[in-house]
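Notes follow the structure.
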Amino acid sequence: MIVLGIILLVVGFVTGISILWTIGIILAVIGAVLWILGSAGHAVGGRRHYW
């Protein structure tokens with residue numbers, strides 16, 4: 001999810017499409033939160049860890 005967010009950020013920045021930029025930021029933040037929760041030992045989405 002983090003990688004997809006970064007790809008959308010880059011594509012949105014290069015093409016000038018602001019909606020891609022916004023969606024990229026949201027996906028990157030959600031991915032980072034899930035990664036932090038998973039590494040802290042909390043079950044995320046029924047899984048013991050989240051990559």
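A note on labels: chains of the structure tokens are A, B, ... as shown, every chain counts residues from 1, and ligands are counted from 1 in their shown order.
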
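Those residues that approach segment 24-36 of chain A to within 6 Å, counting only C-alpha atoms, are A:Met1, A:Ile2, A:Gly5, A:Leu8, A:Leu9, A:Tyr50; same-chain residues fewer than 5 positions away are not listed.
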
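When atom CA of Ser18 of chain A is paired with atom CA of Leu4 of chain A, their separation reads 15.8 Å.
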
Taking the DSSP secondary structure from the backbone, can you list the residues of chain A that are alpha helix (DSSP H), as a compact mmCIF listing (two decimals) with C-alpha atoms, in the first residue's frame?
```txt
# COMPACT_ATOMS: atom_id res chain seq x y z
CA ILE A 2 2.90 2.30 0.72
CA VAL A 3 4.45 1.55 -2.66
CA LEU A 4 1.17 2.21 -4.46
CA GLY A 5 0.83 5.50 -2.59
CA ILE A 6 4.33 6.57 -3.61
CA ILE A 7 3.68 5.62 -7.24
CA LEU A 8 0.48 7.66 -7.26
CA LEU A 9 2.32 10.60 -5.67
CA VAL A 10 4.94 10.55 -8.39
CA VAL A 11 2.43 10.14 -11.23
CA GLY A 12 0.22 12.87 -9.79
CA PHE A 13 3.18 15.22 -9.42
CA VAL A 14 4.50 14.60 -12.93
CA THR A 15 1.14 14.86 -14.70
CA SER A 18 -4.17 16.68 -8.02
CA ILE A 19 -6.58 13.82 -7.26
CA LEU A 20 -3.77 11.28 -7.80
CA TRP A 21 -1.57 13.32 -5.47
CA THR A 22 -4.27 13.29 -2.79
CA ILE A 23 -5.02 9.58 -3.13
CA GLY A 24 -1.28 8.84 -3.02
CA ILE A 25 -0.85 10.73 0.23
CA ILE A 26 -3.83 8.95 1.79
CA LEU A 27 -2.59 5.49 0.73
CA ALA A 28 0.94 6.18 1.94
CA VAL A 29 -0.32 7.32 5.35
CA ILE A 30 -2.68 4.35 5.74
CA GLY A 31 0.10 1.97 4.72
CA ALA A 32 2.49 3.53 7.23
CA VAL A 33 -0.09 3.25 10.03
CA LEU A 34 -0.77 -0.40 9.23
CA TRP A 35 2.96 -1.10 9.10
CA ILE A 36 3.52 0.53 12.50
CA LEU A 37 0.59 -1.33 14.06
CA GLY A 38 1.77 -4.63 12.62
CA SER A 39 5.34 -4.16 13.78
```
